[in-house]
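Structure, as structure tokens:
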Amino acid sequence: MVLDFVVTKEHRRFAEFCDACRRDRYIGLCHGVPGVGKTLSARYYARWDSVENALYSYGRPSPAPLSTDPVASDPSYRTVFYTPAVANSPHVIERQVLELRLRVAHLADHAADGRQGTPTVETLLAEAVDCLPTLLIVDEADRLRMAGLEQVRDLYDRHGGGLVLIGMPGLEKRLARYPQLYSRVGFLHQFRALGPDEVRFLLEQKWQQLGLTFSPEEFTDAEALAAITRITSGNFRLLQRLLAQIDRILRINEFRTVTKEVVEAARENLVIGSL
Ligand SMILES: Nc1ncnc2c1ncn2[C@@H]1O[C@H](COP(=O)(O)OP(=O)(O)O)[C@@H](O)[C@H]1O
Ligand SMILES: [Mg+2]
């Protein structure tokens, strides 16, 4: 029972926050508890699944999957999504971010190759600038120590785009200790869990996919919904894992209804707390 990416209210808020950081060339801090969907939202915003694929297939005989997409004209493609390794050094961070940046620019430039006629030096130069990424998103920013943060800030200063740092709650307090960086922070964004209405909406879709009907106005469904909402507190990762267990229990027992008992049994199989 895997959910495709769902454009949630929280994702929309996150995308607006990224757009604002890009537009105003600010540093933005996004924090939220594990499992609420920060990483997935950022990857979706940057279209990183397709971009990442294309980054490393460029130059191979098969056409890059992005070649038909309006890469250069769509700003969200001009985003670098970077996850530092657990053990990181300023030098490696710099090299990796610069490489990604060049690859993304190259890709956008490649997509613009469909142009007609012979471009002049001026248009080539203008296009090269147009292709440079304008937003750097750093996921797992909690992994960066002082020197790593300095390195990222330096890249931000040099490139003049926006910067979004994603981490756990408390990241903003830690960063407040570094005035060099903190003084450039323009936006703070808390990534929240799903609200009860959204959980209900998602479950409605899910039930439908399974060929079950979901009528929250009926007692059994209302009870199951309440149990799922209570157990997951709107945490996306927990919800996914609970749904997978529910699915399993339904199949094993050939049940056609998700009851509170099924939800409770599914919960027993989860190690709640270690998300
Ligand atoms: N918008 C979404 N649509 C569908 N599934 C999602 C969405 N956001 C999160 N998930 C699910 O929740 C899990 C945790 O999300 P993730 O982005 O890794 O959380 P975080 O980075 O906040 O710890 C994902 O692996 C995915 O299964
Ligand atoms: Mg994450």
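Starting from 1 in every chain, residues are counted up; chains themselves are A, B, ... following the order of the structure tokens, and ligands are numbered from 1 as listed.
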
**OP:** Go through the chains and note each residue within 9 Å of ligand 1, using only C-alpha atoms and all ligand atoms, then give the set as number ranges by chain.
**Re:** A: 2-8, 10-11, 31-44, 139-140, 166-168, 191, 235-241, 275

Original post:
Excluding same-chain residues fewer than 3 positions from Cys18 in chain A, what lies within 12 Å of it counting only C-alpha atoms, as a ChimeraX atom specification?
Top reply: /A:11-15,21-30,41-46,75-76,78-81,134-138,161-166,186-189

Any chance you could export the current selection's C-alpha atoms as a CSV table (one decimal), in the first residue's frame?
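Heads up, here's the output in part.csv:
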chain,number,residue,atom,x,y,z
A,11,HIS,CA,4.0,20.7,0.7
A,12,ARG,CA,2.4,23.8,-0.8
A,13,ARG,CA,3.6,25.9,2.1
A,14,PHE,CA,7.0,24.4,1.7
A,15,ALA,CA,7.1,25.2,-2.0
A,21,CYS,CA,14.0,32.1,-0.7
A,22,ARG,CA,15.0,31.8,-4.3
A,23,ARG,CA,13.3,35.1,-5.3
A,24,ASP,CA,14.7,37.1,-2.4
A,25,ARG,CA,18.0,35.3,-2.3
A,26,TYR,CA,17.6,34.6,1.4
A,27,ILE,CA,18.6,31.8,3.6
A,28,GLY,CA,15.6,29.8,4.8
A,29,LEU,CA,15.5,27.3,7.7
A,30,CYS,CA,13.0,24.5,7.5
A,41,SER,CA,8.7,17.4,-0.3
A,42,ALA,CA,12.1,19.0,-1.1
A,43,ARG,CA,12.9,16.3,-3.7
A,44,TYR,CA,9.5,16.7,-5.3
A,45,TYR,CA,9.9,20.5,-5.4
A,46,ALA,CA,13.3,20.2,-7.1
A,75,PRO,CA,12.6,27.6,-12.2
A,76,SER,CA,12.1,24.6,-10.0
A,78,ARG,CA,17.2,25.2,-11.4
A,79,THR,CA,17.4,23.8,-7.9
A,80,VAL,CA,20.3,21.7,-6.4
A,81,PHE,CA,19.2,19.2,-3.7
A,134,THR,CA,19.2,29.7,-8.3
A,135,LEU,CA,18.4,27.6,-5.2
A,136,LEU,CA,20.4,25.2,-3.1
A,137,ILE,CA,18.5,22.9,-0.7
A,138,VAL,CA,20.6,21.2,1.9
A,161,GLY,CA,21.0,32.4,-5.1
A,162,GLY,CA,18.8,31.3,-2.3
A,163,LEU,CA,19.6,28.6,0.3
A,164,VAL,CA,17.3,26.4,2.2
A,165,LEU,CA,18.5,24.3,5.2
A,166,ILE,CA,16.4,21.4,6.3
A,186,GLY,CA,15.1,35.5,6.0
A,187,PHE,CA,12.5,32.9,6.6
A,188,LEU,CA,11.8,30.2,9.2
A,189,HIS,CA,9.5,27.4,8.3

Subject >> Counting only C-alpha atoms, the residue of A:Leu98, A:Leu175, A:Leu225, A:Leu210 that sits nearest Arg251 in chain A >> reply: A:Leu210

Subject >> Those in range 28-266 of chain A with strand (DSSP E or B) from DSSP, as JSON, numbers by chain >> reply: {"A": [28, 29, 30, 31, 79, 80, 81, 82, 135, 136, 137, 138, 162, 163, 164, 165, 166, 167, 185, 186, 187, 188, 189, 190]}

Original post:
Given the choices A:Leu149, A:Ala141, A:Val199, A:Val258, which gets closest to ligand 2 if the distance is worked out from only C-alpha atoms and all ligand atoms?
Top reply: A:Ala141

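Here CA of Tyr182 in chain A stands at a distance of 27.3 Å from CA of Trp48 in chain A.
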
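Using only C-alpha atoms for every distance, the candidate list A:Leu212, A:Gly234, A:Thr220, A:Asn88 yields A:Thr220 as the residue closest to Val262 in chain A.
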
Original post:
What is the distance, in Å and to one decimal place, between CA of Gln151 in chain A and CA of Ala176 in chain A?
Top reply: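 Between these atoms lies a distance of 16.5 Å.
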
Subject >> Nearest candidate to Ala266 in chain A (options A:Gln205, A:Gln96, A:Thr232, A:Ser89; using only C-alpha atoms) >> reply: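 The answer is A:Thr232, which sits nearest to Ala266 in chain A.
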